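Read the structure below first, then the notes.
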Amino acid sequence: MDFSLNDEQKMLIETVRRFIAEECQPLEDEIEQTGVFDNAKAQALHNKAKALGLYGMNMPEDLGGGGLSNLDRILCEEQFGHTTDIIIRRAFGNVYEPLLHCKGEQIERWLKPSIEGTRTCAITITEPGAGSDAAGIKTTAVKNDKGWVINGSKHFISDGEWSDFFLVSARTGEKEISMFMVDKGLAGFTVGKDQKMMGLRGTPHLELFFDNVQLEDAALLGEVGQGFKLAMGALNVVRLAQVGARAVGKASHVCEIMVGWANERKQFNTKIGDFQMVQQMIADSVIEINAARWMVYHAAWMLDQGMDAREQIAMVKVHAAETLGRVVDRAVQVFGGMGFCKELPIERYYRDARIYRIFDGTSEIHRGVIAKSTMKKGAVLFDVNR
């Protein structure tokens, strides 16, 4: 059992960390103040990341991606947590794994351009009546002699303004869900309002409406009826990488700021870091961050070994998200009034952290998954070598 990182992994982390510190973090305040990421600056950042090979790192090398293992990707995703959501999207991309099921003409039309960063997509599962219950979608796709006709709606679709096509889950039978690649601009496809959020400033979350949208046969991704499996596979990776690993990175970033403040801020002629109650908040944060990190690394290692890590990823989703929430809450408390003030970024981190317990399956849903699996499988989920 070896917990050390090799030289290549250390270099990868350092490269991403430096890029975030030099290119990403200086952009955060303007985005927070304006609520938008200027297109010219976004494109410039996008180009810089691609030039360094930092775009589409989760995609296979022979297709132009970074070819990273799951663990190596997680190491990068943890660093991504040190900046804000919209900047991560522009710099490093969201190239979703279901696109690897492209075949024939689909490879040149959708897959390769996505990896190159010349096309961008968003995945659309959530509907007004289907959040954590991804199988409860109502959007339909009906076969006709020209291909497929889609009707329905989606909401909370992250980054829909920047994306030029969408991976759309639609019901193709009573108990059958398929996935389609739907280009923006098709007749009957309407982009609705931006649903403003408590946090994640700069990231649009759009409504999408499909009114008899005619798709060609080539728009079907994978096989008919494979959509739910593709969606769940994508969500599993998102939960581990974009929620679990980023939550650990964000909690680490906040904890470092909190420790710095505790070393500088004085009350009653004493550094507040010398007060035992502040020390407890720092100690608890360090313990929980490290525990969450090793849970993330272990789940990524399992995926690299070809093992089923669904329950472990559910545990990561709960623990990492809730760890982030507790760490940021403590940081607000340690900063006191300044932690509640917009002059410092702590209150922004507090708002941004709250969604981690909700998106890609709430903590409550994942606890249910973990409990049911444990009742069925027993000690294998919590005892070594059982």
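Letters A, B, ... go to the chains of the structure tokens in the order shown; residues in each chain start at 1; ligands are counted from 1 in the same order.
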Surrounding residues of A:Ile157 excluding itself and chain neighbours under 2 positions, 6 Å, only C-alpha atoms, as a PyMOL selection string: chain A and resi 155+160+205-206
Atoms to include: C-alpha atoms. Write the selected residues as a PDB file, in the first residue's frame.
ATOM      1  CA  HIS A 155     -34.039  23.401 -16.000  1.00  0.00           C
ATOM      2  CA  GLY A 160     -26.166  26.626 -21.250  1.00  0.00           C
ATOM      3  CA  HIS A 205     -28.365  27.953 -15.051  1.00  0.00           C
ATOM      4  CA  LEU A 206     -30.860  27.929 -17.875  1.00  0.00           C
TER       5      LEU A 206
END
Contacts of A:Ser363 at 10 Å (only C-alpha atoms; same-chain gap of 6+ positions) as a count of residues only: 11
Given only C-alpha atoms as the counted atoms, nearest of A:Leu111, A:Cys121, A:Val191, A:Ile31 to A:Lys154: A:Val191
Exercise: A:Asn58 partners within 8 Å, only C-alpha atoms, chain neighbours under 4 positions left out, as a ChimeraX atom specification: /A:65-70,73,95
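Atom to atom, atom CA of A:Ile123 and atom CA of A:Thr203 stand 14.5 Å apart.
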Who sits within 10 Å of stretch 139-150 of chain A, only C-alpha atoms, same chain under 5 positions skipped, as a ChimeraX atom specification: /A:125,127,168-174,177-180,182,188-189,209-220
Counting only C-alpha atoms, the option among A:Val254, A:Ala247, A:Ala291, A:Cys76 closest to A:Gly56: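 Smallest distance to A:Gly56 is found for A:Cys76.
Between A:Thr126 and the candidates A:Ala49, A:Leu208, A:Leu27, A:Val334, the tightest atom-to-atom separation, counting only C-alpha atoms, involves A:Leu208.
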Polymer residues at most 12 Å from A:Gly35, only C-alpha atoms, same-chain spacing of 3 or more positions, as a ChimeraX atom specification: /A:27-32,38,86,194,196-204
Alpha helix (DSSP H) residues, from DSSP on the backbone, in stretch 64-307 of chain A, as a ChimeraX atom specification: /A:70-80,85-92,105-106,112-116,227-238,246-264,276-304
Counting only C-alpha atoms, the option among A:Gly222, A:Pro98, A:Gly249, A:Pro128 closest to A:Phe80: A:Gly249
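The residue that comes closest to A:Ile74, out of A:Ile87, A:Ile13, A:Leu186, A:Ile282 and on the basis of only C-alpha atoms, is A:Ile13.
Straight-line separation from atom CA of A:Glu108 to atom CA of A:His46: 21.0 Å.
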Residues near A:Gly185, cut-off 9 Å, only C-alpha atoms, skip fewer than 5 positions along chain, as a list in words: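 Contacts, in chain order: Asp164, Phe165 and Thr190 of chain A.
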Just write the chosen residues, C-alpha atoms, as a compact mmCIF listing (two decimals), in the first residue's frame.
# COMPACT_ATOMS: atom_id res chain seq x y z
CA ASP A 164 -23.59 25.00 -28.44
CA PHE A 165 -25.06 21.52 -28.02
CA THR A 190 -35.78 27.49 -27.05
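When atom CA of A:Glu97 is paired with atom CA of A:Val237, their separation reads 8.4 Å.
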